[in-house]
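Asker: If you scroll down you'll find the structure; I have some questions about it.
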Amino acid sequence: MSGRTGRVVLVGAGPGDPDLITLRGAAALRSADAVVHDALVSAGLLALAPPEAQRINVGKRGHDEPTLAQEETNALLVRLAQEGKTVVRLKGGDPFVFGRGGEEASALARAGIPFEVVPGVSAAIGVPALAGIPVTDRRHAASFTVVTGHKDPLEPAASMRWGELARGADTLVILMGLKNLEAIAERLVASGRTGRTPSAAIEWGTTPAQRVVEAPLAELAARVAQAGLKAPVTIVIGDVVRLRGELARAERLPLAGLRVLVTRSETQAGGLVTELRRAGAEPLIVPMIQLAPLSATPELAAAIAGLSDYDVLLFTSANAVRCFVAAASAGKGLGALRARVVCVGPATARTAQELGLAVHLVPTRRFDAEGLLEALRLSFPLAGQRILLPRAAAARDLLPEGLRRAGATVDVVAVYRTEAAKVDTAALCAGLVRGEIDALTFTSPSTVRHFMACLDEAARKAVRRCVVAALGPVTAAALRDAGLAPDVVAERAQAGALAQALGEAVRLRAARAAEGGER
């Protein structure tokens with residue numbers, strides 16, 4: 001890459017929730033050769049970058065933890081760009097709001113490095129907003145001021161004009177002020193701000209780990225210490241805090257604060273992760289399986305060559321659709337396809353349509369082999385039909401056997417297999433034993449088998465404390481066979497249904513605990 005000069009994109013990562021990055025910022029990450037990021041940036045955002053992209057953590061937690069010196073960060077950006085790389089400098093919040101983005105941009109300009117700035121949602125407004133606190137409101141505040149609180153206001157060298165701040169803007173937002181909160185509050189009160197001013201401290205704002213402490217200004221530091229809040233914390237001082245009781249939504253979400261293990265393969269986890277975040281959970285993605293396409297088998301080649309001979313093309317998963325279409329496109333193609341395309345459920349049908357297939361039938365009641373059989377029998381006579389069933393190498397025989405009993409000829413071809421993914425079993429077991437995982441989700445028998453194989457004796461005991469959710473009765477049966485009874489089973493094979501079922505299980509468990517009857 002050294003033959004040309006690269007470029008640097010200074011991207012605001014937003015206030016914490018990875019979904020709050022801008023579209024332009026996400027696009028920059030997807031095309032990055034290197035990502036130089038702050039320590040607090042979400043792993044979900046780093047995952048947007050290509051797998052082969054460099055990921056370099058330069059710290060910047062906003063308190064006393066190891067951090068690369070700013071001059072070293074500037075030099076790193078210049079060096080990477082001079083190597084011809086497209087570099088994303090991913091910074092929490094907005095690059096130019098207490099992010100030292102201006103210094104980095106100046107260093108790039110002096111070195112002749114092309115750069116772009118992509119603004120982000122600042123924690124100063126995003127964190128209060130998702131905690132139910134607008135920084136302005138016609139009823140309470142016409143102005144707000146954002147300041148950094150990392151310097152002790154009682155030190156002679158402190159340059160902040162606390163007297164003006166105390167009597168100036170209606171709302172005061174303080175970033176990086178946890179360490180000096182007590183001194184800041186004392187200085188504000190001494191400078192004219194009433195100690196009764198409604199105030200709030202928001203830990204890990206906009207994320208499922210968010211916690212909020214409310215108190216009058218004079219009591220806030222003591223309440224925060226009592227609650228044990230840790231950085232990052234955003235502090236809001238002003239009458240707008242009164243609105244939180246009416247406007248706060250995150251705490252009312254069904255899975256608020258719940259840490260949920262997602263065992264699905266990385267290629268399929270996106271929908272479930274999105275639904276869990278919408279419900280307030282913190283998804284912990286630890287794939288138990290990975291998919292390996294089987295594109296060169298004689299059986300698959302023969303099926304593709306004879307595609308025009310089939311009456312029905314039957315898909316039981318989105319993975320099967322992707323792998324079959326990829327194999328067909330590499331060979332003869334889908335031009336000879338005359339068969340009716342039938343899909344097990346809406347997600348599989350959506351994938352088929354995205355890949356250019358016209359879907360003729362999707363069950364409306366059950367999205368599994370049983371539901372598919374029922375839908376096919378009700379839709380058209382199966383006797384004499386030639387059916388092609390591309391699927392995983394190891395799958396239940398219920399569907400092809402049921403079709404054959406109905407008089408159809410069924411050719412089953414494996415288009416992929418599931419393999420055990422590489423898992424840091426020590427970290428997984430330690431997290432379970434320490435109680436860092438509240439709920440488990442399983443979407444197939446293979447995720448169950450590989451998960452149980454990862455556990456040591458202590459983790460097997462600890463897992464009993466977790467809420468366990470299964471996608472469909474087949475996965476639920478695999479859990480029972482493994483000695484881990486599911487708390488809830490989502491009958492519809494959809495990510496939204498699993499998240500909803502998990503919320504119901506959490507509600508029921510909480511109700512039992514309140515009654516003193518939790519198992």
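Labeling convention for the structure tokens: chains A, B, ... as they appear, residues from 1 per chain, ligands from 1 in order of appearance.
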Please provide the set of residues having any atom within 6 Å of stretch 212-226 of chain A, restricted to only C-alpha atoms, with same-chain residues fewer than 2 positions apart removed, written as a list in words.
Answerer: Leu181, Glu182, Gly195, Arg196, Thr197, Pro198, Ser199, Ala200, Ala201, Ile202, Gly228 and Leu229 of chain A
Asker: Mind dumping the selected residues with N, CA and C atoms as a PDB file, in the first residue's frame?
Answerer:
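Result went into selection_9.pdb, see below:
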```
ATOM      1  N   LEU A 181     -16.605  15.167  41.260  1.00  0.00           N
ATOM      2  CA  LEU A 181     -18.001  15.562  41.421  1.00  0.00           C
ATOM      3  C   LEU A 181     -18.250  16.309  42.723  1.00  0.00           C
ATOM      4  N   GLU A 182     -17.714  15.830  43.814  1.00  0.00           N
ATOM      5  CA  GLU A 182     -17.968  16.487  45.102  1.00  0.00           C
ATOM      6  C   GLU A 182     -17.452  17.919  45.090  1.00  0.00           C
ATOM      7  N   GLY A 195     -28.330  24.373  46.237  1.00  0.00           N
ATOM      8  CA  GLY A 195     -28.053  22.962  46.497  1.00  0.00           C
ATOM      9  C   GLY A 195     -29.247  22.072  46.261  1.00  0.00           C
ATOM     10  N   ARG A 196     -30.434  22.678  46.095  1.00  0.00           N
ATOM     11  CA  ARG A 196     -31.652  21.896  45.847  1.00  0.00           C
ATOM     12  C   ARG A 196     -31.882  21.642  44.355  1.00  0.00           C
ATOM     13  N   THR A 197     -31.006  22.139  43.500  1.00  0.00           N
ATOM     14  CA  THR A 197     -31.175  21.965  42.054  1.00  0.00           C
ATOM     15  C   THR A 197     -31.262  20.482  41.689  1.00  0.00           C
ATOM     16  N   PRO A 198     -32.303  20.066  40.965  1.00  0.00           N
ATOM     17  CA  PRO A 198     -32.391  18.659  40.536  1.00  0.00           C
ATOM     18  C   PRO A 198     -31.166  18.280  39.704  1.00  0.00           C
ATOM     19  N   SER A 199     -30.600  17.129  39.992  1.00  0.00           N
ATOM     20  CA  SER A 199     -29.376  16.701  39.311  1.00  0.00           C
ATOM     21  C   SER A 199     -29.415  15.196  39.083  1.00  0.00           C
ATOM     22  N   ALA A 200     -28.627  14.745  38.118  1.00  0.00           N
ATOM     23  CA  ALA A 200     -28.561  13.315  37.814  1.00  0.00           C
ATOM     24  C   ALA A 200     -27.162  12.953  37.349  1.00  0.00           C
ATOM     25  N   ALA A 201     -26.745  11.752  37.712  1.00  0.00           N
ATOM     26  CA  ALA A 201     -25.495  11.174  37.211  1.00  0.00           C
ATOM     27  C   ALA A 201     -25.853   9.907  36.449  1.00  0.00           C
ATOM     28  N   ILE A 202     -25.401   9.800  35.208  1.00  0.00           N
ATOM     29  CA  ILE A 202     -25.795   8.699  34.321  1.00  0.00           C
ATOM     30  C   ILE A 202     -24.556   7.883  33.966  1.00  0.00           C
ATOM     31  N   GLY A 228     -22.060   3.423  43.901  1.00  0.00           N
ATOM     32  CA  GLY A 228     -20.886   2.800  43.303  1.00  0.00           C
ATOM     33  C   GLY A 228     -20.750   3.025  41.814  1.00  0.00           C
ATOM     34  N   LEU A 229     -21.227   4.154  41.309  1.00  0.00           N
ATOM     35  CA  LEU A 229     -21.107   4.437  39.883  1.00  0.00           C
ATOM     36  C   LEU A 229     -19.640   4.563  39.481  1.00  0.00           C
TER      37      LEU A 229
END
```
Asker: Can you list, as a PyMOL selection string, every residue of stretch 227-397 of chain A that DSSP puts in strand (DSSP E or B)?
Answerer: chain A and resi 233-237+259-262+282-285+289-293+312-315+340-343+359-361+386-392
Asker: Do a neighbour search on A:Gly356 at 12 Å with only C-alpha atoms, toss out local chain neighbours closer than 2 positions, and write the hits as a list in words.
Answerer: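 Selected residues are Val321, Arg322, Val325, Ala326, Ser329, Gly333, Leu334, Gly335, Leu337, Val341, Ala349, Arg350, Thr351, Ala352, Gln353, Glu354, Ala358 and Val359 of chain A.
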Asker: Residues of the last selection are to be written out with C-alpha atoms, as a short mmCIF file (atom, residue, chain, number, x, y, z; two decimals), in the first residue's frame.
Answerer:
```cif
data_model
loop_
_atom_site.label_atom_id
_atom_site.label_comp_id
_atom_site.auth_asym_id
_atom_site.auth_seq_id
_atom_site.Cartn_x
_atom_site.Cartn_y
_atom_site.Cartn_z
CA VAL A 321 -30.68 -20.23 0.39
CA ARG A 322 -27.38 -18.33 0.41
CA VAL A 325 -27.67 -19.66 -4.78
CA ALA A 326 -23.90 -19.13 -4.49
CA SER A 329 -24.32 -18.93 -9.63
CA GLY A 333 -26.95 -20.61 -12.78
CA LEU A 334 -30.62 -20.30 -11.90
CA GLY A 335 -31.85 -19.60 -15.41
CA LEU A 337 -35.32 -22.84 -12.56
CA VAL A 341 -39.91 -21.90 -4.37
CA ALA A 349 -38.27 -16.07 2.28
CA ARG A 350 -36.82 -12.58 2.68
CA THR A 351 -33.32 -13.90 1.97
CA ALA A 352 -34.56 -15.77 -1.10
CA GLN A 353 -36.26 -12.65 -2.45
CA GLU A 354 -33.17 -10.54 -1.81
CA ALA A 358 -39.71 -15.52 -6.47
CA VAL A 359 -41.18 -17.19 -3.38
#
```
Asker: If you count only C-alpha atoms, which residues fall within 6 Å of stretch 300-312 of chain A, apart from same-chain ones fewer than 2 positions away, as a list in words?
Answerer: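 Close residues of stretch 300-312 of chain A: Thr297, Pro298, Ala336, Leu337, Arg338, Ala339, Arg340, Val341, Gln385, Arg386, Ile387 and Val413 of chain A.
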Asker: Mind writing the picked residues with N, CA and C atoms as a compact mmCIF listing (two decimals), in the first residue's frame?
Answerer:
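Ended up saving to out-v6.txt:
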```txt
# COMPACT_ATOMS: atom_id res chain seq x y z
N THR A 297 -19.63 -30.61 -4.12
CA THR A 297 -19.99 -32.03 -4.04
C THR A 297 -20.65 -32.49 -5.34
N PRO A 298 -20.45 -33.74 -5.73
CA PRO A 298 -21.08 -34.26 -6.96
C PRO A 298 -22.61 -34.18 -6.89
N ALA A 336 -32.43 -21.96 -15.42
CA ALA A 336 -33.28 -23.10 -15.76
C ALA A 336 -34.35 -23.38 -14.71
N LEU A 337 -34.38 -22.58 -13.66
CA LEU A 337 -35.32 -22.84 -12.56
C LEU A 337 -36.76 -22.58 -13.01
N ARG A 338 -37.61 -23.61 -12.90
CA ARG A 338 -39.03 -23.44 -13.17
C ARG A 338 -39.86 -23.87 -11.96
N ALA A 339 -39.18 -24.34 -10.94
CA ALA A 339 -39.86 -24.88 -9.76
C ALA A 339 -40.49 -23.78 -8.92
N ARG A 340 -41.52 -24.17 -8.19
CA ARG A 340 -42.08 -23.29 -7.17
C ARG A 340 -41.11 -23.24 -5.98
N VAL A 341 -40.83 -22.06 -5.50
CA VAL A 341 -39.91 -21.90 -4.37
C VAL A 341 -40.72 -21.81 -3.08
N GLN A 385 -44.71 -35.16 -7.36
CA GLN A 385 -43.88 -33.95 -7.42
C GLN A 385 -42.40 -34.31 -7.20
N ARG A 386 -41.53 -33.65 -7.97
CA ARG A 386 -40.09 -33.80 -7.76
C ARG A 386 -39.62 -32.59 -6.94
N ILE A 387 -39.07 -32.86 -5.79
CA ILE A 387 -38.71 -31.79 -4.85
C ILE A 387 -37.21 -31.82 -4.58
N VAL A 413 -29.84 -32.54 -0.83
CA VAL A 413 -28.42 -32.25 -1.08
C VAL A 413 -27.90 -31.33 0.02
```
Asker: In Å to one decimal, how far is atom CA of A:Leu389 from atom CA of A:Arg405?
Answerer: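 Distance reported for this atom pair: 15.5 Å.
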Asker: Show me, as a VMD selection string, the residues that have an atom within 10 Å of A:Leu255 when counting only C-alpha atoms, minus same-chain residues fewer than 5 positions from it.
Answerer: chain A and resid 208 250 260 276 to 282 499 to 500 502 to 504 506 to 507
Asker: Using the selection just defined, write its residues with N, CA and C atoms as a compact mmCIF listing (two decimals), in the first residue's frame.
Answerer:
```txt
# COMPACT_ATOMS: atom_id res chain seq x y z
N PRO A 208 -27.35 -0.84 27.58
CA PRO A 208 -28.15 -1.63 28.52
C PRO A 208 -27.61 -1.62 29.94
N ALA A 250 -35.92 3.76 28.95
CA ALA A 250 -35.04 2.59 28.96
C ALA A 250 -35.33 1.66 30.12
N VAL A 260 -27.42 -10.86 27.84
CA VAL A 260 -27.95 -12.04 27.16
C VAL A 260 -26.90 -12.65 26.24
N LEU A 276 -32.82 -7.79 20.65
CA LEU A 276 -32.46 -7.76 22.07
C LEU A 276 -32.14 -6.33 22.50
N ARG A 277 -31.40 -5.60 21.67
CA ARG A 277 -31.07 -4.21 22.02
C ARG A 277 -32.33 -3.36 22.08
N ARG A 278 -33.24 -3.59 21.17
CA ARG A 278 -34.49 -2.82 21.19
C ARG A 278 -35.27 -3.06 22.48
N ALA A 279 -35.13 -4.26 23.03
CA ALA A 279 -35.83 -4.60 24.28
C ALA A 279 -35.04 -4.18 25.51
N GLY A 280 -33.87 -3.55 25.31
CA GLY A 280 -33.10 -3.04 26.44
C GLY A 280 -31.98 -3.93 26.91
N ALA A 281 -31.77 -5.08 26.27
CA ALA A 281 -30.75 -6.03 26.73
C ALA A 281 -29.37 -5.65 26.20
N GLU A 282 -28.37 -6.24 26.82
CA GLU A 282 -26.99 -6.12 26.34
C GLU A 282 -26.59 -7.47 25.74
N ALA A 499 -36.85 -12.80 21.39
CA ALA A 499 -36.64 -11.69 22.32
C ALA A 499 -37.90 -11.44 23.15
N GLN A 500 -39.06 -11.53 22.51
CA GLN A 500 -40.32 -11.33 23.22
C GLN A 500 -40.54 -12.43 24.26
N LEU A 502 -38.27 -14.20 25.72
CA LEU A 502 -37.30 -14.02 26.80
C LEU A 502 -37.79 -12.96 27.78
N GLY A 503 -38.38 -11.88 27.25
CA GLY A 503 -38.94 -10.86 28.12
C GLY A 503 -40.03 -11.40 29.01
N GLU A 504 -40.87 -12.28 28.47
CA GLU A 504 -41.94 -12.88 29.27
C GLU A 504 -41.36 -13.79 30.35
N VAL A 506 -38.42 -13.50 31.78
CA VAL A 506 -37.82 -12.64 32.81
C VAL A 506 -38.90 -12.07 33.72
N ARG A 507 -40.02 -11.65 33.13
CA ARG A 507 -41.12 -11.10 33.93
C ARG A 507 -41.67 -12.15 34.89
```
Asker: Excluding stretch 365-378 of chain A and residues on its chain fewer than 5 positions from it, collect all residues at most 10 Å away from it, counting only C-alpha atoms, and give them as a PyMOL selection string.
Answerer: chain A and resi 314-317+342-348+383+396-400+402-403+406+472-474+491-494
Asker: Restrict the selected residues to C-alpha atoms and save them as a PDB file, in the first residue's frame.
Answerer:
```pdb
ATOM      1  CA  LEU A 314     -37.621 -26.208  -0.789  1.00  0.00           C
ATOM      2  CA  PHE A 315     -35.568 -24.126   1.673  1.00  0.00           C
ATOM      3  CA  THR A 316     -35.534 -24.674   5.434  1.00  0.00           C
ATOM      4  CA  SER A 317     -33.079 -21.899   6.361  1.00  0.00           C
ATOM      5  CA  VAL A 342     -41.145 -22.755  -0.872  1.00  0.00           C
ATOM      6  CA  CYS A 343     -39.546 -21.354   2.300  1.00  0.00           C
ATOM      7  CA  VAL A 344     -39.898 -22.437   5.915  1.00  0.00           C
ATOM      8  CA  GLY A 345     -40.534 -18.935   7.268  1.00  0.00           C
ATOM      9  CA  PRO A 346     -40.484 -15.179   6.614  1.00  0.00           C
ATOM     10  CA  ALA A 347     -36.754 -14.705   7.285  1.00  0.00           C
ATOM     11  CA  THR A 348     -35.819 -17.458   4.836  1.00  0.00           C
ATOM     12  CA  ALA A 383     -47.967 -37.091  -5.248  1.00  0.00           C
ATOM     13  CA  ARG A 396     -33.714 -34.098  10.744  1.00  0.00           C
ATOM     14  CA  ASP A 397     -35.277 -36.549   8.305  1.00  0.00           C
ATOM     15  CA  LEU A 398     -38.828 -35.656   9.326  1.00  0.00           C
ATOM     16  CA  LEU A 399     -39.425 -33.358   6.350  1.00  0.00           C
ATOM     17  CA  PRO A 400     -38.130 -35.533   3.469  1.00  0.00           C
ATOM     18  CA  GLY A 402     -43.074 -36.891   5.323  1.00  0.00           C
ATOM     19  CA  LEU A 403     -42.908 -35.678   1.723  1.00  0.00           C
ATOM     20  CA  ALA A 406     -47.195 -38.151   0.551  1.00  0.00           C
ATOM     21  CA  GLY A 472     -38.647 -23.652  18.568  1.00  0.00           C
ATOM     22  CA  PRO A 473     -39.553 -27.041  20.044  1.00  0.00           C
ATOM     23  CA  VAL A 474     -36.646 -28.910  18.427  1.00  0.00           C
ATOM     24  CA  GLU A 491     -42.866 -21.093  18.884  1.00  0.00           C
ATOM     25  CA  ARG A 492     -42.269 -18.797  15.915  1.00  0.00           C
ATOM     26  CA  ALA A 493     -38.788 -19.180  14.419  1.00  0.00           C
ATOM     27  CA  GLN A 494     -38.096 -15.457  14.377  1.00  0.00           C
TER      28      GLN A 494
END
```
Asker: Pick out the closest residue to A:Arg7 from this set: A:Val127, A:Leu484, A:Ala227, A:Ala111. Count only C-alpha atoms.
Answerer: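 Between A:Val127, A:Leu484, A:Ala227, A:Ala111, the residue approaching A:Arg7 most closely is A:Ala111.
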Asker: To one decimal place, how far is atom CA of A:Thr5 from atom CA of A:Asn57 in Å?
Answerer: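 So the two atoms, atom CA of A:Thr5 and atom CA of A:Asn57, lie 22.6 Å apart.
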Asker: So which bits of stretch 288-497 of chain A end up helix (DSSP H, G or I) when you DSSP the backbone, as a PyMOL selection string?
Answerer: chain A and resi 298-305+307-309+318-330+346-354+369-379+398-405+425-433+445-454+457-465+473-481+495-497
Asker: Can you tell me, as a PyMOL selection string, what residues are no more than 8 Å from A:Ser295 when counting only C-alpha atoms, ignoring any on the same chain fewer than 5 positions away?
Answerer: chain A and resi 300+323-324+327+415-416
Asker: Kindly indicate which residue among A:Lys151, A:Arg187, A:Lys91, A:His37 lies nearest to A:Val121, using only C-alpha atoms for the distances.
Answerer: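 Looking only at the distances to A:Val121, the closest residue turns out to be A:Lys91.
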Asker: Would you work out the distance separating atom CA of A:Arg460 from atom CA of A:Val433, expressed in Å to one decimal?
Answerer: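 Taking atom CA of A:Arg460 and atom CA of A:Val433, their separation equals 8.9 Å.
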Asker: So which one's closest to A:Leu165, A:Val9, A:Ile237, A:Ala105, A:Val262? Using only C-alpha atoms, please.
Answerer: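 Among the listed residues, the smallest separation from A:Leu165 belongs to A:Ile237.
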Asker: Between A:Val448, A:Ile21, A:Ala459, A:Met160, single out the one closest to A:Ala427, counting only C-alpha atoms.
Answerer: A:Ala459
Asker: For A:Glu275, which residue out of A:Gly245, A:Ala501, A:Gly407, A:Leu48 is the nearest one, using only C-alpha atoms?
Answerer: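 Checking each of A:Gly245, A:Ala501, A:Gly407, A:Leu48 against A:Glu275, counting only C-alpha atoms, the winner is A:Ala501.
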